[in-house]
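Report on the following structure.
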Amino acid sequence: MLAAGKMAIVTKDIIEQFHSLMEEIDEPLRTTFKNVHQGYPNETLLRFLKAREGDVFKAYNMLVDCLKWRIQNEIDKILTKPIIPDALYRAVRDSYLVGMSGYSRKGLPVIAIGVGLSTYDKASIHYYVQSHIQMNEYRDRVILPCATKKFGRHICTCVKVLDMTGLKLSALNQIKLLSVISNIDDLNYPEKTDTYYIVNAPYIFSACWKVVRPLLQERTRKKVQVLSGCGRDDLLKIMDYESLPHFCKREGSGSSRHSRNGATDNCFSLDHPFHQQLYNYIKEQAASMEAPIKQGSFHVDFPEPDLEDEKIAETLESEFQRLGVQNGLSNSLEDLKINGDKDNNDGKDVRENE
């Protein structure tokens with residue numbers, strides 16, 4: 001039997017039933033499904049079953065919708081669409097702080113995200129969404145298969161370290177964009193994160209977490225651990241020092257864009273090896289298409305937020321407004337154009353939820 005969370009147990013019969021349903025899909029969906037499962041169809045079906053609490057028909061509909069979304073938006077080709085010129089891509093990287101710092105001892109990629117200092121104000125939303133999906137696809141098609149080969153076992157998830165340094169009330173203006181990204185992940189890349197570690201959490205995060213946590217599914221809450229300070233000592237229990245994100249290597253370091261060891265230590269920087277490899281890979285794939293590389297963003301349809309994400313977004317907005325009034329600040333909502341955020345829990349001891 002395969003566990004799909006506390007509320008559901010996935011048996012071999014359920015997996016076989018899911019396989020039977022998938023045999024009925026047409027060829028274009030089969031083709032893009034290969035890019036999704038990367039040779040591990042059973043494990044992929046299990047991820048979608050987990051996301052739908054073991055309900056095979058709901059999981060099937062979710063997966064088919066995902067495959068249709070991939071075809072309609074040509075996601076299979078997104079790694080051939082570099083964001084150009086280089087200066088624009090650097091601006092995206094400088095305002096959307098995310099990168100890969102190494103691997104946990106179990107072989108899971110360590111993804112670092114500078115939540116508090118990301119501004120998302122140097123390009124249109126389409127470039128940020130394009131960049132996010134490209135990192136997802138590069139993770140799934142390149143990083144995870146390489147990790148599987150390197151560590152000698154199937155690896156299909158990552159751990160994420162979220163740095164809350166610099167989180168302010170003005171972050172309310174980013175909730176809509178974060179919701180778009182969150183919804184894309186929830187619907188099309190479910191159960192790809194093993195654990196979320198929250199570090200450098202200021203009071204504003206703690207206040208918001210108290211009201212959001214009860215709204216999350218138990219499966220999600222269990223994945224989130226809020227660590228003390230920069231989280232260095234706790235994270236060293238599951239990864240080596242070299243794999244720590246730069247903002248965890250010393251107290252008070254935060255998501256600084258320039259670390260003492262230079263840009264190569266800053267996994268958010270375009271000059272970091274991870275981003276150089278990713279950007280070069282996309283450029284090489286584009287060159288192999290033997291077609292001129294066009295400037296402009298790669299537009300992707302934004303999914304409608306589900307009820308859970310909408311409720312979380314509304315709760316966050318309400319709490320931010322309450323904190324703003326409490327601190328004598330006002331926050332304008334007029335600029336919000338797109339909606340939520342997700343996943344968080346206070347863990348006592350650090351572990352990977354494998």
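Ordered as shown in the structure tokens, chains take letters A, B, and onward, while each chain numbers its residues from 1 and ligands are numbered from 1 in the order shown.
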**Request:** From a DSSP calculation on the backbone, collect every residue of stretch 37-75 of chain A in helix (DSSP H, G or I) and output the set as a PyMOL selection string.
**Result:** chain A and resi 37+41-51+56-72+75
**Asked** Quick one: DSSP strand (DSSP E or B) residues in stretch 43-128 of chain A, as an MDAnalysis selection string?
**Response** chainID A and resid 98:104 109:114
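Residues in contact range of stretch 139-152 of chain A, defined as at most 9 Å between only C-alpha atoms, with sequence neighbours fewer than 4 positions away removed, read Asn35, Val36, His37, Gln38, Tyr103, Lys106, Gly107, Leu108, Pro109, Gln134, Met135, Cys156, Thr157 and Cys158 of chain A.
Closest approach to A:Ser179 from the set A:Leu162, A:Lys223, A:Phe302, A:Thr32 is made by A:Phe302, with distances taken over only C-alpha atoms.
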Residues near A:Glu242, cut-off 12 Å, only C-alpha atoms, skip fewer than 4 positions along chain, as a PDB file with N, CA, C and O atoms, in the first residue's frame:
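File written: part03.pdb
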ATOM      1  N   MET A 100      18.813  27.590  -6.453  1.00  0.00           N
ATOM      2  CA  MET A 100      19.105  26.277  -5.871  1.00  0.00           C
ATOM      3  C   MET A 100      20.489  26.331  -5.245  1.00  0.00           C
ATOM      4  O   MET A 100      21.465  26.710  -5.898  1.00  0.00           O
ATOM      5  N   SER A 101      20.573  25.941  -3.970  1.00  0.00           N
ATOM      6  CA  SER A 101      21.848  26.054  -3.247  1.00  0.00           C
ATOM      7  C   SER A 101      22.588  24.732  -3.090  1.00  0.00           C
ATOM      8  O   SER A 101      23.760  24.718  -2.704  1.00  0.00           O
ATOM      9  N   GLY A 102      21.932  23.604  -3.363  1.00  0.00           N
ATOM     10  CA  GLY A 102      22.594  22.313  -3.218  1.00  0.00           C
ATOM     11  C   GLY A 102      21.587  21.198  -3.018  1.00  0.00           C
ATOM     12  O   GLY A 102      20.466  21.259  -3.525  1.00  0.00           O
ATOM     13  N   TYR A 103      22.000  20.172  -2.253  1.00  0.00           N
ATOM     14  CA  TYR A 103      21.148  19.010  -2.014  1.00  0.00           C
ATOM     15  C   TYR A 103      21.127  18.666  -0.529  1.00  0.00           C
ATOM     16  O   TYR A 103      22.104  18.885   0.191  1.00  0.00           O
ATOM     17  N   SER A 104      20.000  18.107  -0.094  1.00  0.00           N
ATOM     18  CA  SER A 104      19.947  17.570   1.265  1.00  0.00           C
ATOM     19  C   SER A 104      20.730  16.257   1.279  1.00  0.00           C
ATOM     20  O   SER A 104      21.107  15.736   0.226  1.00  0.00           O
ATOM     21  N   ARG A 105      20.963  15.713   2.454  1.00  0.00           N
ATOM     22  CA  ARG A 105      21.714  14.448   2.532  1.00  0.00           C
ATOM     23  C   ARG A 105      20.946  13.291   1.922  1.00  0.00           C
ATOM     24  O   ARG A 105      21.536  12.280   1.559  1.00  0.00           O
ATOM     25  N   VAL A 110      17.776  21.580  -2.859  1.00  0.00           N
ATOM     26  CA  VAL A 110      17.425  22.618  -1.894  1.00  0.00           C
ATOM     27  C   VAL A 110      17.137  23.905  -2.664  1.00  0.00           C
ATOM     28  O   VAL A 110      18.042  24.502  -3.254  1.00  0.00           O
ATOM     29  N   ARG A 232      20.163  28.014  10.525  1.00  0.00           N
ATOM     30  CA  ARG A 232      21.400  27.301  10.180  1.00  0.00           C
ATOM     31  C   ARG A 232      21.562  25.987  10.943  1.00  0.00           C
ATOM     32  O   ARG A 232      21.777  24.919  10.339  1.00  0.00           O
ATOM     33  N   LEU A 235      18.957  23.344   9.928  1.00  0.00           N
ATOM     34  CA  LEU A 235      19.126  22.849   8.562  1.00  0.00           C
ATOM     35  C   LEU A 235      20.370  21.983   8.408  1.00  0.00           C
ATOM     36  O   LEU A 235      20.401  21.085   7.559  1.00  0.00           O
ATOM     37  N   LEU A 236      21.378  22.224   9.244  1.00  0.00           N
ATOM     38  CA  LEU A 236      22.596  21.397   9.180  1.00  0.00           C
ATOM     39  C   LEU A 236      22.324  19.953   9.595  1.00  0.00           C
ATOM     40  O   LEU A 236      23.159  19.073   9.369  1.00  0.00           O
ATOM     41  N   ILE A 238      20.010  18.228   8.211  1.00  0.00           N
ATOM     42  CA  ILE A 238      19.554  17.520   7.011  1.00  0.00           C
ATOM     43  C   ILE A 238      20.395  17.816   5.777  1.00  0.00           C
ATOM     44  O   ILE A 238      20.200  17.191   4.726  1.00  0.00           O
ATOM     45  N   HIS A 246      22.732  30.966   1.117  1.00  0.00           N
ATOM     46  CA  HIS A 246      23.666  31.956   1.665  1.00  0.00           C
ATOM     47  C   HIS A 246      23.095  32.699   2.856  1.00  0.00           C
ATOM     48  O   HIS A 246      23.822  33.068   3.776  1.00  0.00           O
ATOM     49  N   CYS A 248      21.400  31.564   5.207  1.00  0.00           N
ATOM     50  CA  CYS A 248      21.351  30.714   6.404  1.00  0.00           C
ATOM     51  C   CYS A 248      22.742  30.454   6.993  1.00  0.00           C
ATOM     52  O   CYS A 248      22.851  29.794   8.024  1.00  0.00           O
ATOM     53  N   LYS A 249      23.771  30.968   6.360  1.00  0.00           N
ATOM     54  CA  LYS A 249      25.125  30.616   6.794  1.00  0.00           C
ATOM     55  C   LYS A 249      25.632  31.413   7.978  1.00  0.00           C
ATOM     56  O   LYS A 249      26.620  31.064   8.588  1.00  0.00           O
ATOM     57  N   ASP A 265      28.238  32.827  -4.208  1.00  0.00           N
ATOM     58  CA  ASP A 265      27.652  32.241  -3.006  1.00  0.00           C
ATOM     59  C   ASP A 265      26.173  32.592  -2.896  1.00  0.00           C
ATOM     60  O   ASP A 265      25.441  31.980  -2.120  1.00  0.00           O
ATOM     61  N   ASN A 266      25.729  33.559  -3.658  1.00  0.00           N
ATOM     62  CA  ASN A 266      24.344  34.025  -3.611  1.00  0.00           C
ATOM     63  C   ASN A 266      23.540  33.270  -4.669  1.00  0.00           C
ATOM     64  O   ASN A 266      23.616  33.580  -5.860  1.00  0.00           O
ATOM     65  N   CYS A 267      22.755  32.296  -4.243  1.00  0.00           N
ATOM     66  CA  CYS A 267      22.059  31.440  -5.207  1.00  0.00           C
ATOM     67  C   CYS A 267      20.923  32.157  -5.922  1.00  0.00           C
ATOM     68  O   CYS A 267      20.329  31.608  -6.845  1.00  0.00           O
TER      69      CYS A 267
END
**Prompt:** Neighbours of stretch 286-289 of chain A within 10 Å (only C-alpha atoms; same-chain residues fewer than 3 positions away dropped), as JSON, numbers by chain?
**Reply:** {"A": [77, 78, 79, 80, 81, 82, 280, 281, 282, 283, 292, 293, 294]}
Atoms to include: all heavy atoms. Write the selected residues as an mmCIF file, in the first residue's frame.
data_model
loop_
_atom_site.group_PDB
_atom_site.id
_atom_site.type_symbol
_atom_site.label_atom_id
_atom_site.label_comp_id
_atom_site.auth_asym_id
_atom_site.auth_seq_id
_atom_site.Cartn_x
_atom_site.Cartn_y
_atom_site.Cartn_z
ATOM 1 N N LYS A 77 7.593 23.304 -24.736
ATOM 2 C CA LYS A 77 8.572 24.116 -25.461
ATOM 3 C C LYS A 77 9.123 25.271 -24.637
ATOM 4 O O LYS A 77 9.957 26.033 -25.133
ATOM 5 C CB LYS A 77 7.927 24.688 -26.737
ATOM 6 C CG LYS A 77 7.480 23.645 -27.742
ATOM 7 C CD LYS A 77 6.853 24.312 -28.953
ATOM 8 C CE LYS A 77 6.387 23.290 -29.978
ATOM 9 N NZ LYS A 77 5.761 23.959 -31.163
ATOM 10 N N ILE A 78 8.697 25.408 -23.391
ATOM 11 C CA ILE A 78 9.052 26.610 -22.629
ATOM 12 C C ILE A 78 10.545 26.697 -22.331
ATOM 13 O O ILE A 78 11.087 27.791 -22.149
ATOM 14 C CB ILE A 78 8.232 26.707 -21.321
ATOM 15 C CG1 ILE A 78 8.232 28.157 -20.812
ATOM 16 C CG2 ILE A 78 8.730 25.712 -20.273
ATOM 17 C CD1 ILE A 78 7.215 28.427 -19.720
ATOM 18 N N LEU A 79 11.223 25.550 -22.326
ATOM 19 C CA LEU A 79 12.675 25.579 -22.097
ATOM 20 C C LEU A 79 13.446 25.925 -23.366
ATOM 21 O O LEU A 79 14.678 25.870 -23.386
ATOM 22 C CB LEU A 79 13.161 24.247 -21.526
ATOM 23 C CG LEU A 79 12.726 23.957 -20.086
ATOM 24 C CD1 LEU A 79 13.263 22.600 -19.616
ATOM 25 C CD2 LEU A 79 13.206 25.063 -19.133
ATOM 26 N N THR A 80 12.724 26.299 -24.418
ATOM 27 C CA THR A 80 13.381 26.806 -25.637
ATOM 28 C C THR A 80 13.080 28.292 -25.818
ATOM 29 O O THR A 80 13.320 28.844 -26.888
ATOM 30 C CB THR A 80 12.896 26.040 -26.885
ATOM 31 O OG1 THR A 80 11.510 26.346 -27.126
ATOM 32 C CG2 THR A 80 13.050 24.542 -26.711
ATOM 33 N N LYS A 81 12.542 28.923 -24.773
ATOM 34 C CA LYS A 81 12.124 30.320 -24.857
ATOM 35 C C LYS A 81 12.873 31.170 -23.822
ATOM 36 O O LYS A 81 12.335 31.503 -22.764
ATOM 37 C CB LYS A 81 10.614 30.434 -24.612
ATOM 38 C CG LYS A 81 9.750 29.515 -25.465
ATOM 39 C CD LYS A 81 9.768 29.917 -26.926
ATOM 40 C CE LYS A 81 8.829 29.024 -27.735
ATOM 41 N NZ LYS A 81 8.837 29.370 -29.177
ATOM 42 N N PRO A 82 14.130 31.533 -24.081
ATOM 43 C CA PRO A 82 14.871 32.341 -23.117
ATOM 44 C C PRO A 82 14.285 33.743 -22.984
ATOM 45 O O PRO A 82 13.756 34.299 -23.943
ATOM 46 C CB PRO A 82 16.290 32.388 -23.705
ATOM 47 C CG PRO A 82 16.087 32.203 -25.174
ATOM 48 C CD PRO A 82 14.924 31.255 -25.295
ATOM 49 N N ASN A 280 21.886 29.016 -19.673
ATOM 50 C CA ASN A 280 22.624 28.477 -20.823
ATOM 51 C C ASN A 280 21.888 27.289 -21.436
ATOM 52 O O ASN A 280 21.876 27.115 -22.663
ATOM 53 C CB ASN A 280 24.037 28.067 -20.404
ATOM 54 C CG ASN A 280 24.934 29.267 -20.135
ATOM 55 O OD1 ASN A 280 24.690 30.354 -20.639
ATOM 56 N ND2 ASN A 280 25.960 29.078 -19.316
ATOM 57 N N TYR A 281 21.285 26.473 -20.591
ATOM 58 C CA TYR A 281 20.523 25.319 -21.084
ATOM 59 C C TYR A 281 19.370 25.794 -21.965
ATOM 60 O O TYR A 281 19.141 25.257 -23.066
ATOM 61 C CB TYR A 281 19.988 24.507 -19.906
ATOM 62 C CG TYR A 281 19.153 23.309 -20.306
ATOM 63 C CD1 TYR A 281 19.738 22.068 -20.547
ATOM 64 C CD2 TYR A 281 17.765 23.415 -20.436
ATOM 65 C CE1 TYR A 281 18.972 20.969 -20.911
ATOM 66 C CE2 TYR A 281 16.993 22.319 -20.808
ATOM 67 C CZ TYR A 281 17.599 21.101 -21.038
ATOM 68 O OH TYR A 281 16.834 20.012 -21.407
ATOM 69 N N ILE A 282 18.635 26.809 -21.503
ATOM 70 C CA ILE A 282 17.499 27.319 -22.275
ATOM 71 C C ILE A 282 17.979 27.918 -23.597
ATOM 72 O O ILE A 282 17.371 27.703 -24.654
ATOM 73 C CB ILE A 282 16.721 28.363 -21.451
ATOM 74 C CG1 ILE A 282 16.078 27.706 -20.232
ATOM 75 C CG2 ILE A 282 15.639 29.031 -22.306
ATOM 76 C CD1 ILE A 282 15.412 28.681 -19.280
ATOM 77 N N LYS A 283 19.090 28.642 -23.560
ATOM 78 C CA LYS A 283 19.628 29.223 -24.799
ATOM 79 C C LYS A 283 20.065 28.132 -25.771
ATOM 80 O O LYS A 283 19.852 28.239 -26.992
ATOM 81 C CB LYS A 283 20.809 30.137 -24.474
ATOM 82 C CG LYS A 283 20.411 31.471 -23.847
ATOM 83 C CD LYS A 283 21.646 32.333 -23.615
ATOM 84 C CE LYS A 283 21.273 33.737 -23.152
ATOM 85 N NZ LYS A 283 22.477 34.570 -22.936
ATOM 86 N N PRO A 292 14.862 31.767 -35.280
ATOM 87 C CA PRO A 292 15.327 32.966 -34.588
ATOM 88 C C PRO A 292 14.678 33.108 -33.206
ATOM 89 O O PRO A 292 13.483 32.849 -33.037
ATOM 90 C CB PRO A 292 14.891 34.113 -35.519
ATOM 91 C CG PRO A 292 13.795 33.535 -36.350
ATOM 92 C CD PRO A 292 14.142 32.101 -36.526
ATOM 93 N N ILE A 293 15.497 33.512 -32.216
ATOM 94 C CA ILE A 293 14.988 33.718 -30.866
ATOM 95 C C ILE A 293 14.281 35.053 -30.810
ATOM 96 O O ILE A 293 14.866 36.090 -31.119
ATOM 97 C CB ILE A 293 16.143 33.671 -29.833
ATOM 98 C CG1 ILE A 293 16.849 32.316 -29.898
ATOM 99 C CG2 ILE A 293 15.608 33.927 -28.431
ATOM 100 C CD1 ILE A 293 18.068 32.227 -28.990
ATOM 101 N N LYS A 294 13.023 35.027 -30.428
ATOM 102 C CA LYS A 294 12.228 36.238 -30.405
ATOM 103 C C LYS A 294 12.197 36.853 -29.014
ATOM 104 O O LYS A 294 12.150 36.146 -28.013
ATOM 105 C CB LYS A 294 10.798 35.940 -30.867
ATOM 106 C CG LYS A 294 10.705 35.451 -32.307
ATOM 107 C CD LYS A 294 9.251 35.195 -32.695
ATOM 108 C CE LYS A 294 9.148 34.713 -34.134
ATOM 109 N NZ LYS A 294 7.730 34.435 -34.527
#
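Note that atom CA of A:Tyr96 and atom CA of A:Asn73 are 22.3 Å apart.
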